[in-house]
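Undergrad: My structure is in upload-v3.txt, and what it holds is compact mmCIF, C-alpha atoms and all ligand atoms:
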```txt
# COMPACT_ATOMS: atom_id res chain seq x y z
CA MET A 1355 -31.54 -25.18 24.08
CA ARG A 1356 -31.15 -27.58 26.97
CA CYS A 1357 -28.67 -26.89 29.73
CA SER A 1358 -26.19 -29.59 28.62
CA GLU A 1359 -26.24 -28.23 25.09
CA ILE A 1360 -25.40 -24.74 26.34
CA SER A 1361 -22.46 -25.98 28.39
CA MET A 1362 -21.23 -27.97 25.41
CA ALA A 1363 -21.44 -24.89 23.22
CA ILE A 1364 -19.46 -22.89 25.75
CA ALA A 1365 -16.87 -25.67 26.10
CA SER A 1366 -16.30 -25.82 22.36
CA ARG A 1367 -15.93 -22.05 22.21
CA PHE A 1368 -13.24 -22.20 24.91
CA GLU A 1369 -11.51 -25.00 23.07
CA ARG A 1370 -11.25 -22.90 19.96
CA THR A 1371 -9.86 -19.95 21.95
CA ASP A 1372 -7.21 -22.18 23.52
CA VAL A 1373 -5.96 -23.41 20.16
CA GLY A 1374 -5.64 -19.84 18.92
CA LYS A 1375 -6.07 -18.49 15.48
CA ILE A 1376 -4.99 -20.55 12.50
CA HIS A 1377 -3.45 -18.05 10.11
CA GLU A 1378 -3.78 -18.42 6.38
CA VAL A 1379 -0.49 -19.13 4.60
CA VAL A 1380 -0.04 -16.83 1.60
CA LYS A 1381 1.30 -18.13 -1.69
CA TRP A 1382 3.75 -16.80 -4.23
CA PRO A 1383 3.58 -14.17 -5.79
CA ASN A 1384 2.14 -12.32 -2.78
CA PRO A 1385 4.45 -9.27 -2.42
CA VAL A 1386 4.82 -9.76 1.37
CA LEU A 1387 6.99 -12.80 0.58
CA SER A 1388 9.54 -10.68 -1.30
CA LYS A 1389 9.85 -7.98 1.34
CA PRO A 1390 12.49 -8.12 4.12
CA GLY A 1391 10.79 -8.35 7.53
CA GLU A 1392 11.07 -5.71 10.25
CA ARG A 1393 12.98 -6.50 13.45
CA VAL A 1394 10.82 -7.57 16.38
CA THR A 1395 11.24 -5.05 19.23
CA VAL A 1396 8.34 -5.82 21.60
CA PHE A 1397 8.53 -9.07 23.57
CA ASP A 1398 5.13 -9.26 25.24
CA ALA A 1399 2.23 -11.67 25.78
CA LYS A 1400 0.95 -10.86 22.31
CA LEU A 1401 4.19 -12.11 20.77
CA LYS A 1402 4.00 -15.34 22.81
CA LYS A 1403 0.45 -15.89 21.57
CA LEU A 1404 1.51 -15.21 17.99
CA VAL A 1405 4.32 -17.79 18.28
CA GLU A 1406 1.85 -20.44 19.51
CA GLU A 1407 -0.52 -19.54 16.67
CA MET A 1408 2.34 -19.87 14.19
CA PHE A 1409 3.11 -23.39 15.42
CA GLU A 1410 -0.57 -24.34 15.12
CA SER A 1411 -0.84 -22.76 11.67
CA MET A 1412 2.32 -24.59 10.58
CA TYR A 1413 1.03 -27.96 11.81
CA ALA A 1414 -2.35 -27.33 10.19
CA ALA A 1415 -0.57 -26.69 6.88
CA GLN A 1416 1.59 -29.84 7.35
CA GLY A 1417 4.85 -27.88 7.46
CA ILE A 1418 8.02 -28.12 9.56
CA GLY A 1419 8.81 -24.42 9.30
CA LEU A 1420 6.84 -21.18 9.04
CA ALA A 1421 8.06 -17.60 8.81
CA ALA A 1422 5.95 -14.57 9.76
CA PRO A 1423 5.89 -13.12 6.19
CA GLN A 1424 4.10 -16.32 5.13
CA ILE A 1425 1.13 -15.26 7.27
CA SER A 1426 1.32 -11.68 5.93
CA LEU A 1427 3.33 -10.33 8.89
CA SER A 1428 6.47 -8.59 7.69
CA GLN A 1429 8.49 -9.40 10.82
CA ARG A 1430 11.73 -11.24 11.57
CA LEU A 1431 10.16 -14.20 13.33
CA THR A 1432 10.05 -17.89 12.43
CA VAL A 1433 9.10 -21.23 13.99
CA ILE A 1434 10.53 -24.66 13.14
CA ASP A 1435 9.73 -28.21 14.30
CA CYS A 1436 11.65 -30.85 12.36
CA SER A 1437 9.96 -33.58 14.46
CA PHE A 1438 6.51 -32.34 13.35
CA ARG A 1439 4.93 -32.39 16.82
CA LYS A 1440 6.61 -35.63 17.95
CA ASN A 1441 9.26 -34.05 20.17
CA PRO A 1442 8.50 -30.74 21.96
CA GLU A 1443 12.25 -30.27 22.47
CA GLU A 1444 12.68 -29.83 18.74
CA LYS A 1445 10.40 -26.77 18.64
CA VAL A 1446 12.56 -23.82 17.64
CA VAL A 1447 11.54 -20.16 17.81
CA LEU A 1448 13.89 -17.73 16.09
CA ILE A 1449 13.33 -14.02 16.55
CA ASN A 1450 15.60 -11.56 14.70
CA PRO A 1451 17.88 -14.48 13.73
CA GLU A 1452 21.18 -14.28 11.89
CA ILE A 1453 23.49 -16.98 10.63
CA ILE A 1454 26.83 -16.26 12.29
CA GLU A 1455 28.76 -19.32 11.04
CA SER A 1456 28.25 -21.95 8.36
CA ARG A 1457 30.17 -24.95 7.03
CA GLY A 1458 29.96 -27.58 4.32
CA LYS A 1459 27.39 -28.22 1.64
CA GLN A 1460 24.22 -30.30 1.30
CA VAL A 1461 21.99 -30.67 -1.73
CA GLU A 1462 18.46 -31.89 -0.95
CA GLU A 1463 14.96 -31.46 -2.25
CA GLU A 1464 13.08 -28.58 -0.67
CA GLY A 1465 9.48 -27.43 -0.59
CA CYS A 1466 7.67 -24.42 0.84
CA LEU A 1467 4.16 -23.85 2.19
CA SER A 1468 3.99 -20.71 0.02
CA LEU A 1469 4.81 -22.77 -3.09
CA PRO A 1470 2.57 -25.83 -2.72
CA GLU A 1471 3.50 -28.86 -4.84
CA ILE A 1472 6.73 -27.24 -6.03
CA ARG A 1473 9.89 -29.11 -5.06
CA ASP A 1474 13.49 -28.85 -6.20
CA LYS A 1475 17.01 -29.54 -5.06
CA VAL A 1476 18.60 -26.61 -3.27
CA THR A 1477 22.23 -26.24 -2.21
CA ARG A 1478 22.59 -25.21 1.44
CA ALA A 1479 25.30 -25.21 4.09
CA GLU A 1480 25.54 -28.56 5.94
CA TRP A 1481 26.01 -26.89 9.34
CA VAL A 1482 25.01 -23.46 10.61
CA LYS A 1483 25.22 -21.55 13.84
CA VAL A 1484 22.40 -19.06 14.35
CA ARG A 1485 22.13 -16.24 16.86
CA ALA A 1486 18.57 -15.21 17.68
CA GLN A 1487 16.29 -13.97 20.44
CA ASP A 1488 13.63 -16.06 22.20
CA VAL A 1489 10.08 -14.94 23.05
CA THR A 1490 11.35 -13.10 26.13
CA GLY A 1491 13.96 -11.20 24.09
CA LYS A 1492 16.91 -13.20 25.45
CA THR A 1493 19.72 -13.79 22.96
CA PHE A 1494 20.79 -17.41 22.37
CA GLU A 1495 22.74 -19.46 19.86
CA ILE A 1496 21.65 -22.66 18.16
CA GLU A 1497 23.61 -25.02 15.93
CA GLY A 1498 22.07 -27.40 13.43
CA THR A 1499 23.08 -29.91 10.77
CA GLU A 1500 21.17 -31.63 7.97
CA LEU A 1501 17.41 -30.97 8.09
CA LEU A 1502 17.52 -28.44 10.96
CA ALA A 1503 20.34 -26.53 9.20
CA ARG A 1504 18.31 -26.57 5.98
CA ALA A 1505 15.11 -25.46 7.73
CA MET A 1506 16.87 -22.59 9.52
CA GLN A 1507 18.46 -21.36 6.27
CA HIS A 1508 15.14 -21.66 4.40
CA GLU A 1509 13.20 -19.80 7.11
CA ILE A 1510 15.81 -17.06 7.62
CA ASP A 1511 15.73 -16.55 3.84
CA HIS A 1512 11.99 -15.83 4.18
CA LEU A 1513 12.80 -13.02 6.63
CA ASP A 1514 15.00 -11.49 3.92
CA GLY A 1515 12.29 -11.82 1.28
CA VAL A 1516 14.00 -14.78 -0.41
CA LEU A 1517 12.23 -17.98 -1.51
CA PHE A 1518 13.92 -21.28 -2.30
CA ILE A 1519 13.16 -20.83 -6.01
CA ASP A 1520 15.35 -17.70 -5.89
CA ARG A 1521 18.26 -20.03 -5.05
CA LEU A 1522 17.80 -22.14 -8.21
CA SER A 1523 19.30 -21.53 -11.64
CA ARG A 1524 17.54 -18.93 -13.77
CA LEU A 1525 16.34 -21.69 -16.10
CA LYS A 1526 14.84 -23.83 -13.32
CA ARG A 1527 13.21 -20.82 -11.68
CA ASP A 1528 11.65 -19.76 -14.99
CA LEU A 1529 10.30 -23.28 -15.56
CA ILE A 1530 8.70 -23.33 -12.10
CA ILE A 1531 7.15 -19.88 -12.58
CA ARG A 1532 5.74 -21.00 -15.93
CA LYS A 1533 4.25 -24.07 -14.21
CA ILE A 1534 2.67 -21.90 -11.46
CA LYS A 1535 1.21 -19.49 -14.05
CA LYS A 1536 -0.36 -22.45 -15.82
CA MET A 1537 -1.82 -23.69 -12.53
CA GLN A 1538 -3.12 -20.17 -11.77
CA LYS A 1539 -4.83 -20.11 -15.17
CA ASN A 1540 -6.52 -23.44 -14.44
CA GLY A 1541 -7.63 -22.26 -11.02
CA GLU A 1542 -5.31 -24.77 -9.32
CA TRP A 1543 -3.17 -22.23 -7.43
ZN ZN B 1601 9.15 -21.57 2.84
```
Kindly present the structure from the file in structure tokens form.

TA:
Amino acid sequence: MRCSEISMAIASRFERTDVGKIHEVVKWPNPVLSKPGERVTVFDAKLKKLVEEMFESMYAAQGIGLAAPQISLSQRLTVIDCSFRKNPEEKVVLINPEIIESRGKQVEEEGCLSLPEIRDKVTRAEWVKVRAQDVTGKTFEIEGTELLARAMQHEIDHLDGVLFIDRLSRLKRDLIIRKIKKMQKNGEW
């Protein structure tokens, strides 16, 4: 190996380290998705790194929200970016979040990285106020309407072991589960 090749190899290794690990997103019916997450109690460098990895994993999966249970971590932690990388100010990290106020109603189509290709209309509050902790453990409040409100409700549901299909009528949920089972059988899930 020539010198330049070695330095290139080292550079690419560093590049990969910088990006961090891309975590695999688990799909329904993985039991971790139905289990309420544990509260996060340690706010250290490891948590900061995990948050960055969650953003990268979310972007890699083409999502605007990702909750820790979706990468097999049963913890109350979620990341959201409704701008999908366009505006860093729209990156939201919610640790141990709770919805403390909600108003109104919106009905829009929803999807989920753990339920690829499945979409359906879900009724959500139009506006929510959420209290959460940031990566340093500091408590803050965030308000959101429309898509951000929807994303926060969807992601906080994940931390309680609830998927959007659990918010549909029994009939619709059964139809979707039948569709998934068919896809599983055909090796498409
Ligand atoms: Zn989801």

Undergrad: Quick one: pull the distance between atom CA of A:Val1394 and atom CA of A:Ile1449, Å, one decimal.

TA: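 Separation of atom CA of A:Val1394 and atom CA of A:Ile1449: 6.9 Å.
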
Undergrad: Mind checking which residues fall within 8 Å of A:Asp1474, counting all atoms listed in the file, ignoring those fewer than 6 positions away in the same chain, and posting them as a list in words?

TA: Glu1462, Glu1463, Glu1464 and Gly1465 of chain A

Undergrad: At a cut-off of 9 Å around ligand ZN 1601 (chain B), and using only C-alpha atoms and all ligand atoms, what residues come up? Please write them as a PyMOL selection string.

TA: chain A and resi 1417+1419-1421+1424+1464-1469+1505+1508-1509+1511-1512+1516-1518

Undergrad: My list of candidates is A:Val1484, A:Leu1401, A:Ile1454, A:Ala1414. Which is closest to A:Gln1429 when distances are computed with only C-alpha atoms?

TA: A:Leu1401

Undergrad: Just how far from atom CA of A:Thr1490 is atom CA of A:Glu1452, in Å to one decimal?

TA: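 Calculated distance between atom CA of A:Glu1452 and atom CA of A:Thr1490 is 17.3 Å.
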
Undergrad: Which of these residues is nearest to A:Thr1477, using only C-alpha atoms: A:Met1408, A:Ile1510, A:Val1489, A:Val1461?

TA: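 Nearest to A:Thr1477: A:Val1461.
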
Undergrad: Taking all atoms listed in the file into account, name the residue in A:Ala1422, A:Val1482, A:Met1412, A:Val1405 that is nearest to A:Val1447.

TA: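 Closest to A:Val1447, using all atoms listed in the file: A:Val1405.
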
Undergrad: Out of A:Gln1507, A:Lys1535, A:Pro1423, A:Gln1460, which residue has the shortest atom-to-atom distance to A:Lys1483 when counting all atoms listed in the file?

TA: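 Going through A:Gln1507, A:Lys1535, A:Pro1423, A:Gln1460 one by one, the smallest distance to A:Lys1483 is for A:Gln1507.
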
Undergrad: Residues proximal to (5.5, -6.7, -0.9) were defined as those with any atom within 10 Å of that point in the file's coordinates, counting all atoms listed in the file. Which are they, as a VMD selection string?

TA: chain A and resid 1383 to 1390 1423 1426 1428 1515

Undergrad: Could the centre and edge lengths of an axis-aligned box, enclosing all atoms of stretch 1458-1477 of chain A in the file with 8 Å extra on each side, be given in Å to one decimal as lines of an AutoDock Vina configuration file?

TA:
```
center_x = 16.3
center_y = -26.3
center_z = -0.9
size_x = 43.4
size_y = 27.2
size_z = 26.5
```

Undergrad: Calculate how many Å separate atom CA of A:Gly1391 from atom CA of A:Pro1451, rounding to one decimal.

TA: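 Atom CA of A:Pro1451 lies at a distance of 11.2 Å from atom CA of A:Gly1391.
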
Undergrad: Select, from A:Lys1400, A:Lys1475, A:Arg1439, A:Arg1430, the residue with the minimum atom-to-atom distance to A:Asp1520, counting all atoms listed in the file.

TA: A:Lys1475

Undergrad: Because some atoms of stretch 1417-1438 of chain A are absent here, can you restore N, CA and C atoms and send them as a compact mmCIF listing (two decimals), in the frame of the given file?

TA:
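And here's rebuild-v5.txt as it stands now:
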```txt
# COMPACT_ATOMS: atom_id res chain seq x y z
N GLY A 1417 3.48 -28.35 7.70
CA GLY A 1417 4.85 -27.88 7.46
C GLY A 1417 5.75 -28.12 8.66
N ILE A 1418 7.06 -28.02 8.45
CA ILE A 1418 8.02 -28.12 9.56
C ILE A 1418 8.68 -26.77 9.83
N GLY A 1419 8.29 -25.76 9.07
CA GLY A 1419 8.81 -24.42 9.30
C GLY A 1419 7.82 -23.39 8.78
N LEU A 1420 7.73 -22.26 9.49
CA LEU A 1420 6.84 -21.18 9.04
C LEU A 1420 7.44 -19.85 9.46
N ALA A 1421 7.52 -18.94 8.52
CA ALA A 1421 8.06 -17.60 8.81
C ALA A 1421 6.91 -16.59 8.78
N ALA A 1422 7.03 -15.56 9.62
CA ALA A 1422 5.95 -14.57 9.76
C ALA A 1422 5.47 -13.99 8.42
N PRO A 1423 6.39 -13.66 7.46
CA PRO A 1423 5.89 -13.12 6.19
C PRO A 1423 4.90 -14.06 5.48
N GLN A 1424 5.01 -15.37 5.77
CA GLN A 1424 4.10 -16.32 5.13
C GLN A 1424 2.67 -16.22 5.65
N ILE A 1425 2.49 -15.54 6.80
CA ILE A 1425 1.13 -15.26 7.27
C ILE A 1425 0.88 -13.75 7.21
N SER A 1426 1.54 -13.11 6.23
CA SER A 1426 1.32 -11.68 5.93
C SER A 1426 1.83 -10.74 7.01
N LEU A 1427 2.73 -11.21 7.88
CA LEU A 1427 3.33 -10.33 8.89
C LEU A 1427 4.79 -10.11 8.52
N SER A 1428 5.12 -8.88 8.14
CA SER A 1428 6.47 -8.59 7.69
C SER A 1428 7.39 -8.37 8.89
N GLN A 1429 7.66 -9.47 9.61
CA GLN A 1429 8.49 -9.40 10.82
C GLN A 1429 9.53 -10.51 10.81
N ARG A 1430 10.64 -10.25 11.55
CA ARG A 1430 11.73 -11.24 11.57
C ARG A 1430 11.48 -12.27 12.68
N LEU A 1431 10.61 -13.19 12.37
CA LEU A 1431 10.16 -14.20 13.33
C LEU A 1431 9.82 -15.48 12.58
N THR A 1432 10.36 -16.61 13.08
CA THR A 1432 10.05 -17.89 12.43
C THR A 1432 9.98 -19.02 13.44
N VAL A 1433 9.19 -20.04 13.14
CA VAL A 1433 9.10 -21.23 13.99
C VAL A 1433 9.45 -22.46 13.15
N ILE A 1434 10.08 -23.44 13.82
CA ILE A 1434 10.53 -24.66 13.14
C ILE A 1434 10.25 -25.84 14.08
N ASP A 1435 9.81 -26.96 13.53
CA ASP A 1435 9.73 -28.21 14.30
C ASP A 1435 10.00 -29.37 13.35
N CYS A 1436 11.26 -29.78 13.27
CA CYS A 1436 11.65 -30.85 12.36
C CYS A 1436 11.04 -32.20 12.76
N SER A 1437 10.57 -32.32 14.01
CA SER A 1437 9.96 -33.58 14.46
C SER A 1437 8.47 -33.62 14.11
N PHE A 1438 7.95 -32.52 13.61
CA PHE A 1438 6.51 -32.34 13.35
C PHE A 1438 5.67 -32.86 14.53
```
